[in-house]
Amino acid sequence: MKIENIAYLFSQALVAAFNWGVLILLAKYTSTKFVGEYSLMMAYIVPISILTSLQMRGHYLTSSDFKISDYFSLRLILIIFLFIITGIIFSNYFDIWVVIGLIMIKAGEVLFDIPFVYEQKNNFLLKASKNYILRSSIVYGVFFLGIILSKKIEGSILISGIISFLIPLLYTRKLRIKFKLSNLEKLFKSIFFLGMSGFILSFNISLPRMFLAKLMSYEDVAVFTVLISLYSIWQLFFNNYFNSILHKLRDKKVIHIIQFPLILFSIVSIIFLFVDSKFYSLFFSEDFLICSQYSFELLIMIFLSLLSSSFYYHLLSKNIYSSHFFINISTFILNLIILYPLIQFFEIRGALYSWIIVNIAQLCMYLYTMRKHV
């Protein structure tokens, strides 16, 4: 693997590590209930951020019909519109400054993705990765230091959010952003199904936390979030690994592109099964030792996610967009149907069971789509 691909994977893994670090610090410096509240807020904010991105990264890498300024302008408009609505709604339920800070952190992250992918397409992946590492280190470094030194959660989140939002605005000045509304309309129409597919998939992942908050407690949401954070780290790794080789996937078979992540996952999984209790105790607290009871289900979820991601990016490399939308809307409906009774009967384990069932259904539909189009 080339040095630029390693740097790219590291830059994206670093974001996952920082997000995981946020969860660890909140677990150590706040209550389990606050961790649950934070997790519930992110369960709504993350899908909204996915919706504002409209999966433009993959579209830009595989298309030459639009300029980079069109992508940035459309994303900025969507961010302002959707996040203002989100902030107004959430301010009635959670601390307004925490809501604003979290929204700005995710908005800045989504905006920075545009200049990143621009340099990636122009073969400056190493430079882009270095800038991404620097940006992430500044934003989350301020957040971590704020919590550790001052113990003021709200202020730390808000300051980090402001910095996160300002960095991409300063960074993109050299792109000389200009756009035509007609181009934005065409771009929006061309990626609508792809973007909605990503939004539905992300919202699907958030559904268990929403149901757990409604049917059980914030503490249960916190436990599930710690579990799903490990799933998310692997999912981010899979996504960025396949993204880094996306422009080379068109003529390759799935079995060839899945070997490296599968071997790595297998090795880590075997080790994890022996140290899971110590892992949760060391990184979180004694309150989260219960997570070790669900390790087997968690690893099954991650394995199924790897298989689904490989098929997803294989289809994406062939510019097959609409199928993703219908697959994800189908699995979303399935999750809505089975999630409530499973949580009622099996509690937290029921939320894990639902996601395993959904992943199996999604995998079957990807296999069908590949047979149909490839």
# chains A, B, ... in the order shown; residues from 1 in each chain; ligands from 1
$ residues_around --residues "Gly108 of chain A" --least-positions-apart "5" --cutoff "9 Å" --atoms "only C-alpha atoms" --output "PDB file with N, CA and C atoms, in the first residue's frame"
ATOM      1  N   ILE A 103     -23.424  20.853  16.575  1.00  0.00           N
ATOM      2  CA  ILE A 103     -23.810  21.102  15.185  1.00  0.00           C
ATOM      3  C   ILE A 103     -22.653  21.717  14.401  1.00  0.00           C
ATOM      4  N   ASP A 113     -14.540  18.378   4.043  1.00  0.00           N
ATOM      5  CA  ASP A 113     -14.451  17.215   3.163  1.00  0.00           C
ATOM      6  C   ASP A 113     -14.299  17.613   1.694  1.00  0.00           C
ATOM      7  N   GLY A 161     -16.549  23.809  18.331  1.00  0.00           N
ATOM      8  CA  GLY A 161     -17.467  23.938  17.206  1.00  0.00           C
ATOM      9  C   GLY A 161     -17.170  25.159  16.351  1.00  0.00           C
ATOM     10  N   ILE A 162     -16.889  26.274  16.995  1.00  0.00           N
ATOM     11  CA  ILE A 162     -16.572  27.504  16.265  1.00  0.00           C
ATOM     12  C   ILE A 162     -15.301  27.325  15.437  1.00  0.00           C
ATOM     13  N   ILE A 163     -14.277  26.740  16.043  1.00  0.00           N
ATOM     14  CA  ILE A 163     -13.015  26.491  15.336  1.00  0.00           C
ATOM     15  C   ILE A 163     -13.237  25.532  14.161  1.00  0.00           C
ATOM     16  N   SER A 164     -14.016  24.486  14.393  1.00  0.00           N
ATOM     17  CA  SER A 164     -14.294  23.490  13.360  1.00  0.00           C
ATOM     18  C   SER A 164     -14.963  24.121  12.147  1.00  0.00           C
ATOM     19  N   PHE A 165     -15.868  25.057  12.370  1.00  0.00           N
ATOM     20  CA  PHE A 165     -16.611  25.680  11.276  1.00  0.00           C
ATOM     21  C   PHE A 165     -15.763  26.705  10.528  1.00  0.00           C
ATOM     22  N   LEU A 166     -14.878  27.402  11.231  1.00  0.00           N
ATOM     23  CA  LEU A 166     -14.069  28.448  10.603  1.00  0.00           C
ATOM     24  C   LEU A 166     -12.952  27.887   9.738  1.00  0.00           C
ATOM     25  N   ILE A 167     -12.371  26.769  10.131  1.00  0.00           N
ATOM     26  CA  ILE A 167     -11.215  26.211   9.406  1.00  0.00           C
ATOM     27  C   ILE A 167     -11.507  25.958   7.922  1.00  0.00           C
ATOM     28  N   PRO A 168     -12.597  25.260   7.554  1.00  0.00           N
ATOM     29  CA  PRO A 168     -12.835  25.025   6.119  1.00  0.00           C
ATOM     30  C   PRO A 168     -13.138  26.301   5.349  1.00  0.00           C
ATOM     31  N   LEU A 169     -13.764  27.289   5.995  1.00  0.00           N
ATOM     32  CA  LEU A 169     -14.051  28.555   5.317  1.00  0.00           C
ATOM     33  C   LEU A 169     -12.752  29.276   4.957  1.00  0.00           C
TER      34      LEU A 169
END
$ residues_around --residues "Phe265 of chain A" --least-positions-apart "4" --cutoff "8 Å" --atoms "only C-alpha atoms" --output "list of chain:residue names"
A:Pro261, A:Ser269, A:Phe303
$ atom_distance --atom1 "atom CA of Ser229 of chain A" --atom2 "atom CA of Phe211 of chain A"
17.3 Å
$ atom_distance --atom1 "atom CA of Tyr71 of chain A" --atom2 "atom CA of Leu236 of chain A"
22.0 Å
$ residues_around --residues "Leu25 of chain A" --least-positions-apart "6" --cutoff "10 Å" --atoms "only C-alpha atoms" --output "ChimeraX atom specification"
/A:35,144,147-148,153,283-284
$ write_last_selection --atoms "C-alpha atoms" --output "mmCIF file, in the first residue's frame"
data_model
loop_
_atom_site.group_PDB
_atom_site.id
_atom_site.type_symbol
_atom_site.label_atom_id
_atom_site.label_comp_id
_atom_site.auth_asym_id
_atom_site.auth_seq_id
_atom_site.Cartn_x
_atom_site.Cartn_y
_atom_site.Cartn_z
ATOM 1 C CA VAL A 35 -23.351 10.269 28.011
ATOM 2 C CA PHE A 144 -10.031 17.624 25.148
ATOM 3 C CA ILE A 147 -12.693 19.349 29.433
ATOM 4 C CA ILE A 148 -9.562 18.144 31.233
ATOM 5 C CA ILE A 153 -18.319 20.613 29.034
ATOM 6 C CA PHE A 283 -11.033 3.130 28.635
ATOM 7 C CA PHE A 284 -14.446 3.915 30.094
#
$ atom_distance --atom1 "atom CA of Tyr353 of chain A" --atom2 "atom CA of Ile337 of chain A"
12.9 Å
$ select_by_dssp --residues "segment 69-309 of chain A" --states "alpha helix (DSSP H)" --output "PyMOL selection string"
chain A and resi 69-90+96-121+125-150+153-171+181-215+218-244+254-257+259-283+295-309
$ decode --residues "segment 144-212 of chain A" --atoms "C-alpha atoms" --output "PDB file, in the first residue's frame"
ATOM      1  CA  PHE A 144     -10.031  17.624  25.148  1.00  0.00           C
ATOM      2  CA  LEU A 145      -7.937  20.302  26.869  1.00  0.00           C
ATOM      3  CA  GLY A 146     -11.056  22.289  27.686  1.00  0.00           C
ATOM      4  CA  ILE A 147     -12.693  19.349  29.433  1.00  0.00           C
ATOM      5  CA  ILE A 148      -9.562  18.144  31.233  1.00  0.00           C
ATOM      6  CA  LEU A 149      -8.375  21.582  32.425  1.00  0.00           C
ATOM      7  CA  SER A 150     -11.624  23.439  33.059  1.00  0.00           C
ATOM      8  CA  LYS A 151     -14.196  20.608  33.456  1.00  0.00           C
ATOM      9  CA  LYS A 152     -16.626  22.885  31.551  1.00  0.00           C
ATOM     10  CA  ILE A 153     -18.319  20.613  29.034  1.00  0.00           C
ATOM     11  CA  GLU A 154     -20.564  23.228  27.394  1.00  0.00           C
ATOM     12  CA  GLY A 155     -17.796  25.775  26.801  1.00  0.00           C
ATOM     13  CA  SER A 156     -15.378  23.170  25.447  1.00  0.00           C
ATOM     14  CA  ILE A 157     -17.923  21.889  22.930  1.00  0.00           C
ATOM     15  CA  LEU A 158     -18.903  25.398  21.798  1.00  0.00           C
ATOM     16  CA  ILE A 159     -15.327  26.664  21.280  1.00  0.00           C
ATOM     17  CA  SER A 160     -14.383  23.500  19.383  1.00  0.00           C
ATOM     18  CA  GLY A 161     -17.467  23.938  17.206  1.00  0.00           C
ATOM     19  CA  ILE A 162     -16.572  27.504  16.265  1.00  0.00           C
ATOM     20  CA  ILE A 163     -13.015  26.491  15.336  1.00  0.00           C
ATOM     21  CA  SER A 164     -14.294  23.490  13.360  1.00  0.00           C
ATOM     22  CA  PHE A 165     -16.611  25.680  11.276  1.00  0.00           C
ATOM     23  CA  LEU A 166     -14.069  28.448  10.603  1.00  0.00           C
ATOM     24  CA  ILE A 167     -11.215  26.211   9.406  1.00  0.00           C
ATOM     25  CA  PRO A 168     -12.835  25.025   6.119  1.00  0.00           C
ATOM     26  CA  LEU A 169     -14.051  28.555   5.317  1.00  0.00           C
ATOM     27  CA  LEU A 170     -10.465  29.833   5.578  1.00  0.00           C
ATOM     28  CA  TYR A 171      -9.023  26.797   3.825  1.00  0.00           C
ATOM     29  CA  THR A 172     -11.311  27.071   0.771  1.00  0.00           C
ATOM     30  CA  ARG A 173     -10.495  30.693  -0.050  1.00  0.00           C
ATOM     31  CA  LYS A 174      -7.913  29.510  -2.591  1.00  0.00           C
ATOM     32  CA  LEU A 175     -10.578  27.536  -4.468  1.00  0.00           C
ATOM     33  CA  ARG A 176     -12.221  30.811  -5.573  1.00  0.00           C
ATOM     34  CA  ILE A 177     -15.737  29.585  -4.996  1.00  0.00           C
ATOM     35  CA  LYS A 178     -18.148  30.629  -7.754  1.00  0.00           C
ATOM     36  CA  PHE A 179     -21.368  28.921  -8.736  1.00  0.00           C
ATOM     37  CA  LYS A 180     -24.518  29.105 -10.830  1.00  0.00           C
ATOM     38  CA  LEU A 181     -27.874  28.142  -9.371  1.00  0.00           C
ATOM     39  CA  SER A 182     -28.634  26.112 -12.492  1.00  0.00           C
ATOM     40  CA  ASN A 183     -25.517  24.003 -11.865  1.00  0.00           C
ATOM     41  CA  LEU A 184     -26.470  23.463  -8.222  1.00  0.00           C
ATOM     42  CA  GLU A 185     -29.925  22.308  -9.291  1.00  0.00           C
ATOM     43  CA  LYS A 186     -28.458  19.813 -11.756  1.00  0.00           C
ATOM     44  CA  LEU A 187     -25.953  18.564  -9.194  1.00  0.00           C
ATOM     45  CA  PHE A 188     -28.644  18.155  -6.541  1.00  0.00           C
ATOM     46  CA  LYS A 189     -30.820  16.122  -8.900  1.00  0.00           C
ATOM     47  CA  SER A 190     -27.933  13.906  -9.997  1.00  0.00           C
ATOM     48  CA  ILE A 191     -26.908  12.933  -6.451  1.00  0.00           C
ATOM     49  CA  PHE A 192     -30.269  13.029  -4.664  1.00  0.00           C
ATOM     50  CA  PHE A 193     -30.759   9.262  -4.543  1.00  0.00           C
ATOM     51  CA  LEU A 194     -27.143   8.666  -3.535  1.00  0.00           C
ATOM     52  CA  GLY A 195     -27.372  11.299  -0.785  1.00  0.00           C
ATOM     53  CA  MET A 196     -30.697  10.093   0.536  1.00  0.00           C
ATOM     54  CA  SER A 197     -29.309   6.568   0.569  1.00  0.00           C
ATOM     55  CA  GLY A 198     -26.520   7.653   2.920  1.00  0.00           C
ATOM     56  CA  PHE A 199     -28.948   9.619   5.091  1.00  0.00           C
ATOM     57  CA  ILE A 200     -31.349   6.703   5.463  1.00  0.00           C
ATOM     58  CA  LEU A 201     -28.474   4.344   6.264  1.00  0.00           C
ATOM     59  CA  SER A 202     -27.158   6.717   8.952  1.00  0.00           C
ATOM     60  CA  PHE A 203     -30.643   7.300  10.378  1.00  0.00           C
ATOM     61  CA  ASN A 204     -31.126   3.547  10.394  1.00  0.00           C
ATOM     62  CA  ILE A 205     -28.030   3.204  12.588  1.00  0.00           C
ATOM     63  CA  SER A 206     -29.396   5.897  14.928  1.00  0.00           C
ATOM     64  CA  LEU A 207     -32.819   4.292  15.328  1.00  0.00           C
ATOM     65  CA  PRO A 208     -31.830   1.899  18.169  1.00  0.00           C
ATOM     66  CA  ARG A 209     -30.655   4.812  20.356  1.00  0.00           C
ATOM     67  CA  MET A 210     -33.912   6.638  19.733  1.00  0.00           C
ATOM     68  CA  PHE A 211     -35.971   3.566  20.643  1.00  0.00           C
ATOM     69  CA  LEU A 212     -33.824   2.775  23.684  1.00  0.00           C
TER      70      LEU A 212
END
